[in-house]
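Written below as structure tokens is the structure these notes are about.
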There are 2 protein chains.
Amino acid sequence: MEPATAQAPAPPAIPAPGDLDLLCINAIRILAMDAVQKADSGHPGTPMALAPIAYLLYTRHLRHDPADPAWPNRDRFVLSCGHASMLLYSSLYLSGYDLSLDDIKNFRQWGSKTPGHPEYGHTPGVETTTGPLGQGIGNAVGMALAETHLAAIFNRPDYEVIDHRTYFICSDGDLMEGVSHESASFAGHFKLGKLIGFYDDNHITIDGSTDLTFTDDTQRRFEAYGWHVLRVPDVNDLVALDAAIRAAQAETERPSLIMCRTHIGYGSPHKVDSAKAHGEALGVAEVALSRKELRWPWTEAFFVPPEAIAHWRLARDAGRDVHASWQMRYAAYQQAHTQTAAELDRRLRGVLRPDWDADIPVFTPENGNVASRAASGIVLNAIAARVPELIGGSADLTPSNNTSLAGILNYNPGDRAGRYLHFGIREHGMGAILNGMSVHGGLIPFGGTFLIFSDYMRPPIRLAALMRRRRRTSVERACGALR
Amino acid sequence: MEPATAQAPAPPAIPAPGDLDLLCINAIRILAMDAVQKADSGHPGTPMALAPIAYLLYTRHLRHDPADPAWPNRDRFVLSCGHASMLLYSSLYLSGYDLSLDDIKNFRQWGSKTPGHPEYGHTPGVETTTGPLGQGIGNAVGMALAETHLAAIFNRPDYEVIDHRTYFICSDGDLMEGVSHESASFAGHFKLGKLIGFYDDNHITIDGSTDLTFTDDTQRRFEAYGWHVLRVPDVNDLVALDAAIRAAQAETERPSLIMCRTHIGYGSPHKVDSAKAHGEALGVAEVALSRKELRWPWTEAFFVPPEAIAHWRLARDAGRDVHASWQMRYAAYQQAHTQTAAELDRRLRGVLRPDWDADIPVFTPENGNVASRAASGIVLNAIAARVPELIGGSADLTPSNNTSLAGILNYNPGDRAGRYLHFGIREHGMGAILNGMSVHGGLIPFGGTFLIFSDYMRPPIRLAALMRRRRRTSVERACGALR
């Protein structure tokens, strides 16, 4: 346990019992503005705005185990607006992940576990690398798809060992980016009902009011994609927010988007609702004024009162229980379905079957001229037959890319065990979705398009490289530095 | 005049008078399937489906002059689904542009004026290079924006010398691509009411039925962007199609999207409504059967009866008249507003003012360290003050990219003379829109983002390079090879 409580100054005015939620929420706001102030760099306003969402998720709704961020059946959470990283780091620290207050204090410092934007494989509890806007939405779609597919393959009656939700938060910027269109349209078509997004509707971008350039009716847009859309007029209304989350959870046919009216820099008297709260420290004086505005009596930077820490850390107890309950279920599953469980285990560990490459042909001069896409198709099929975790498809160039897999069915809402994916003419979305499937675990995704159209998906290709998906060196494997 | 009529075989059954429209429409279908068949490569099905739209546009609605494709006040037409290039080439040939039947016969041949996808600067009447899906929608948005801006700057009471519409056709693929979201959202926000799009709603992609992956409610989606959406249940119903075009023209506050239910490969008995009609020749036998299906009595490849050619070529007369009328207006404008007209003329010719670079500073060691974006901002402002055709902005990084222009107002629906553009977090859309503004003429557009986010707009950067915008060599200028 983090010794944060040891630093408590003179006893503060204890909030009224009903204010414990608010105290916990404000803890995020305080840590975010303090960390950005200390680094003199970063994005304080969005974590301050979104603190209620993160608080409700991490303490009430996420089925996660802070002590084991790799638990395969955890709910996934993606912060698509990665610049709001202090929202995530604060939540991870407060709910008891292996992230210390010192890590928070080292925000944006070289080598720290708290870089400016969340980085996969670097910080416990960070599910994917985000920052380039829109990518996280596609990643979340990929994770949600992965869950449905693995559930269809591996669950057995009375043994639902794969059963989790995927949550994401996205900003105006994420929703303006075209990849959000491709990913959301795909998710709606494939009825990913366990995908739940929050839209940080704050009316502000770097250039100023969203009125400068953005007047989409986002509810109507997402309904056009087949999503279930809910509205929370004030993100600080915890009752309404909680009800919306429960309504989203209850909807299992359609992905849900919860549109939350928020206020960037909430708590900062002079910068709330202003682009000034976006991308720079509030300033020492404004930080002090914000403490007053938030009725936060403690002046010491990074101090969070013990009762708030304790309440947040109940997430650990809840996580231990839900994880233990799953482990019991899993043990029974191993008993009842030994081979299936062993196969799931293999796939979750990312270990290939020993004979995975047995059918890969060797092309010799006797084959004559073979178009590269023809050779690719032959090899892909040779692998697919022996690597059941291979799942993927093409951005509408199946016959041209030779990505079709003989005898393998399409993935679709009626048959989620299918493992051929028709991504549509959505290269960018395909890349982001593949990344989400990859970091989810249990799958080896692939996607095809013409080389020149890989330009459309360059940002997720870059992120796949940064995340070193399936590019771990033997040293890294040995060190366990990356999962 | 093309000697196509000289090749007439034995007198065919003359269609009934009321069938002249159908004859003209089928002329596109015949040329498209014959050209693709001769090349044994290309995309016959979409031109066959969309022939009624192109026919109505080129003969009734476009204010264009086939004899002068560079007339500055022409309506623009963009074929965003560039693979359907035979639709465009057929229409250009039939309506009397400088494109011969031999050019049509040389479809997809090396060095011909009829490459597989339309290329800007290569074929008279081709307004922009299309092929990579979605780009054309952004290009059209940029052209429509350019028109509003130039009109605001140069028109005078009673002298509307800039007053044209921009039309585009887009496919399922264009609409699945994320750049369509960015561009359409931008166009809706900026109320580009003279922009009219046609959606080729054919239910088919390369992989098969759009049901495989695409179930967007496109009407609802575009209404969410603030567009005016119309539906034509059968694109072959010319009365309904014509009425929809007129309704779109009458709407001046919102861009319009006309959703046309179409049938890929219309006329081909065995390949209609099938992915097989998309990207390969129909085959000799099917071409013959299609002639029968279309009740086209002439069996000679590429033959179009003289009455159809004559009817199509009325576009030349209409074009000459509308162009002449504009020229009279322009001459009067030159008399009444001599300096303004001279300035417009300079800008349309793409010639810079001689003193355009007079204020560009020279940085010396005495300046000390200057961040490149700071130097960029200084230079951009020095140019902007002397180059009024410079127009642009940033993809929501104005303060970071230092692209703000001192004393220059924002472009917005209430002040279209403004020349600073808030593109929003839409790098890809920005690039496609900038390309459209550039090929429109009269403007020098610019856009800013962080280098790494240029990955999001790589396809339009590539197209800008292919179109050699502002990269003409002196030899090319002398030859007039590119406009």
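Here, A, B, ... name the chains of the structure tokens in the order displayed, residue numbers run from 1 inside each chain, and ligands are numbered from 1 in the same displayed order.
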- Query: So which residues touch range 180-194 of chain A within 8 Å, counting only C-alpha atoms, skipping near sequence neighbours fewer than 4 positions away, as a PyMOL selection string?
  - Reply: (chain A and resi 134-135+137-138+141+144-145+148+164-166+174-176+222+225-227+249+251-256+412-413+423+426+428-430+432-433) or (chain B and resi 176-178+181+213-216)
- Message: I'd like the neighbourhood of Ile461 in chain A as a PyMOL selection string, where a residue qualifies if any of its atoms comes within 9 Å (using only C-alpha atoms), though same-chain residues fewer than 6 positions away should be ignored.
- Response: chain A and resi 431-432+435+454
With N, CA and C atoms retained, export the selected residues as a PDB file, in the first residue's frame.
ATOM      1  N   GLY A 431      -6.989  -0.966 -38.989  1.00  0.00           N
ATOM      2  CA  GLY A 431      -5.716  -0.942 -38.261  1.00  0.00           C
ATOM      3  C   GLY A 431      -5.935  -0.747 -36.769  1.00  0.00           C
ATOM      4  N   ALA A 432      -6.810   0.194 -36.426  1.00  0.00           N
ATOM      5  CA  ALA A 432      -7.044   0.470 -35.004  1.00  0.00           C
ATOM      6  C   ALA A 432      -7.743  -0.716 -34.337  1.00  0.00           C
ATOM      7  N   ASN A 435      -5.254  -3.502 -33.748  1.00  0.00           N
ATOM      8  CA  ASN A 435      -4.432  -3.227 -32.566  1.00  0.00           C
ATOM      9  C   ASN A 435      -5.180  -3.582 -31.290  1.00  0.00           C
ATOM     10  N   SER A 454      -2.293   1.377 -47.523  1.00  0.00           N
ATOM     11  CA  SER A 454      -1.784   1.350 -46.150  1.00  0.00           C
ATOM     12  C   SER A 454      -1.515   2.773 -45.663  1.00  0.00           C
TER      13      SER A 454
END
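Comparing the minimum interatomic distances between chain B and each of A:Ile153, A:Ile53, A:Val179, A:Ala395, counting only C-alpha atoms, we find that A:Val179 sits nearest.
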Please provide as a CSV table (one decimal) with N, CA and C atoms, in the first residue's frame all residues within 9 Å of Ala275 in chain B, with the sequence filter that same-chain residues fewer than 2 positions apart are discarded (counting only C-alpha atoms).
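The result, written out as result21.csv:
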chain,number,residue,atom,x,y,z
B,45,GLY,N,-19.3,-1.8,-64.1
B,45,GLY,CA,-20.6,-1.8,-63.5
B,45,GLY,C,-21.1,-0.5,-62.9
B,204,ILE,N,-23.4,-3.0,-53.0
B,204,ILE,CA,-22.4,-4.0,-53.4
B,204,ILE,C,-21.0,-3.4,-53.2
B,205,THR,N,-20.1,-4.2,-52.6
B,205,THR,CA,-18.7,-3.8,-52.6
B,205,THR,C,-17.9,-5.0,-53.2
B,206,ILE,N,-16.6,-4.9,-53.2
B,206,ILE,CA,-15.8,-5.9,-53.8
B,206,ILE,C,-16.0,-7.3,-53.1
B,207,ASP,N,-16.1,-7.2,-51.8
B,207,ASP,CA,-16.2,-8.4,-51.0
B,207,ASP,C,-17.6,-9.1,-51.2
B,208,GLY,N,-18.6,-8.3,-51.7
B,208,GLY,CA,-19.9,-8.8,-51.8
B,208,GLY,C,-21.0,-7.8,-51.4
B,209,SER,N,-22.1,-8.3,-50.8
B,209,SER,CA,-23.1,-7.4,-50.4
B,209,SER,C,-22.6,-6.4,-49.3
B,264,ILE,N,-25.6,-1.8,-59.7
B,264,ILE,CA,-24.3,-2.0,-60.4
B,264,ILE,C,-24.4,-3.0,-61.5
B,265,GLY,N,-23.8,-2.6,-62.6
B,265,GLY,CA,-23.9,-3.5,-63.8
B,265,GLY,C,-25.3,-3.4,-64.5
B,271,LYS,N,-24.8,-10.1,-64.4
B,271,LYS,CA,-23.9,-9.5,-63.4
B,271,LYS,C,-24.5,-8.3,-62.7
B,272,VAL,N,-25.7,-7.9,-63.1
B,272,VAL,CA,-26.3,-6.8,-62.4
B,272,VAL,C,-26.4,-7.1,-60.9
B,273,ASP,N,-26.2,-6.1,-60.1
B,273,ASP,CA,-26.4,-6.3,-58.6
B,273,ASP,C,-25.4,-7.3,-58.0
B,277,ALA,N,-19.7,-7.4,-61.3
B,277,ALA,CA,-19.8,-6.3,-62.3
B,277,ALA,C,-18.8,-5.1,-61.9
B,278,HIS,N,-18.1,-5.3,-60.8
B,278,HIS,CA,-17.3,-4.2,-60.3
B,278,HIS,C,-16.0,-3.9,-61.0
B,279,GLY,N,-15.1,-4.9,-60.9
B,279,GLY,CA,-13.8,-4.6,-61.3
B,279,GLY,C,-13.2,-5.4,-62.4
- Query: Near Arg458 in chain A, counting only C-alpha atoms, which residues have an atom at most 10 Å away, once you skip same-chain residues fewer than 5 positions from it, shown as a PyMOL selection string?
  - Reply: (chain A and resi 427-428+431-432+453+463-464) or (chain B and resi 453-459)
Output of the above residues as a PDB file, in the first residue's frame, restricted to C-alpha atoms:
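Everything below was put into again_32.pdb:
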ATOM      1  CA  GLU A 427      -8.382   0.735 -43.696  1.00  0.00           C
ATOM      2  CA  HIS A 428      -7.815   3.146 -40.820  1.00  0.00           C
ATOM      3  CA  GLY A 431      -5.716  -0.942 -38.261  1.00  0.00           C
ATOM      4  CA  ALA A 432      -7.044   0.470 -35.004  1.00  0.00           C
ATOM      5  CA  PHE A 453      -3.892   2.169 -49.174  1.00  0.00           C
ATOM      6  CA  LEU A 463       1.178   2.448 -32.934  1.00  0.00           C
ATOM      7  CA  ALA A 464       1.426  -1.291 -33.538  1.00  0.00           C
TER       8      ALA A 464
ATOM      9  CA  PHE B 453      -0.182  13.812 -37.437  1.00  0.00           C
ATOM     10  CA  SER B 454       0.602  14.349 -41.096  1.00  0.00           C
ATOM     11  CA  ASP B 455       0.348  10.539 -41.080  1.00  0.00           C
ATOM     12  CA  TYR B 456      -3.408  11.054 -40.813  1.00  0.00           C
ATOM     13  CA  MET B 457      -3.408  13.033 -44.070  1.00  0.00           C
ATOM     14  CA  ARG B 458      -0.907  11.047 -46.041  1.00  0.00           C
ATOM     15  CA  PRO B 459      -3.282  10.096 -48.882  1.00  0.00           C
TER      16      PRO B 459
END
- Message: Can you tell me, as a VMD selection string, which residues in range 125-359 of chain B count as helix (DSSP H, G or I) by DSSP?
- Response: chain B and resid 135 to 154 172 to 176 178 to 189 210 to 212 218 to 224 238 to 250 275 to 277 284 to 293 306 to 336 338 to 349
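Residues lying within 10 Å of Thr299 in chain A, counting only C-alpha atoms and ignoring same-chain neighbours fewer than 3 positions away, are Pro9, Val287, Ala288, Arg291, Lys292, Trp296, Phe302 and Phe303 of chain A.
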Pull N, CA, C and O atoms from the residues just selected and write them as a compact mmCIF listing (two decimals), in the first residue's frame.
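What landed in part_25.txt:
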# COMPACT_ATOMS: atom_id res chain seq x y z
N PRO A 9 -1.09 16.31 6.67
CA PRO A 9 -0.81 17.45 7.54
C PRO A 9 -1.83 17.50 8.67
O PRO A 9 -2.51 16.51 8.94
N VAL A 287 -3.90 26.95 -9.28
CA VAL A 287 -4.01 25.67 -8.58
C VAL A 287 -4.53 25.91 -7.16
O VAL A 287 -5.42 25.20 -6.66
N ALA A 288 -3.98 26.93 -6.52
CA ALA A 288 -4.42 27.24 -5.15
C ALA A 288 -5.88 27.66 -5.15
O ALA A 288 -6.68 27.23 -4.30
N ARG A 291 -8.14 24.68 -5.53
CA ARG A 291 -8.34 23.94 -4.27
C ARG A 291 -9.49 24.56 -3.49
O ARG A 291 -10.34 23.85 -2.94
N LYS A 292 -9.53 25.89 -3.45
CA LYS A 292 -10.62 26.55 -2.71
C LYS A 292 -11.96 26.28 -3.40
O LYS A 292 -12.96 25.96 -2.76
N TRP A 296 -11.32 21.97 -1.16
CA TRP A 296 -10.29 21.00 -0.79
C TRP A 296 -9.39 21.69 0.22
O TRP A 296 -8.61 22.55 -0.15
N PHE A 302 -0.27 17.04 -3.95
CA PHE A 302 -0.39 15.58 -4.06
C PHE A 302 -1.01 14.90 -2.83
O PHE A 302 -1.10 13.69 -2.78
N PHE A 303 -1.40 15.70 -1.84
CA PHE A 303 -1.99 15.06 -0.67
C PHE A 303 -3.44 14.67 -0.96
O PHE A 303 -4.24 15.46 -1.44
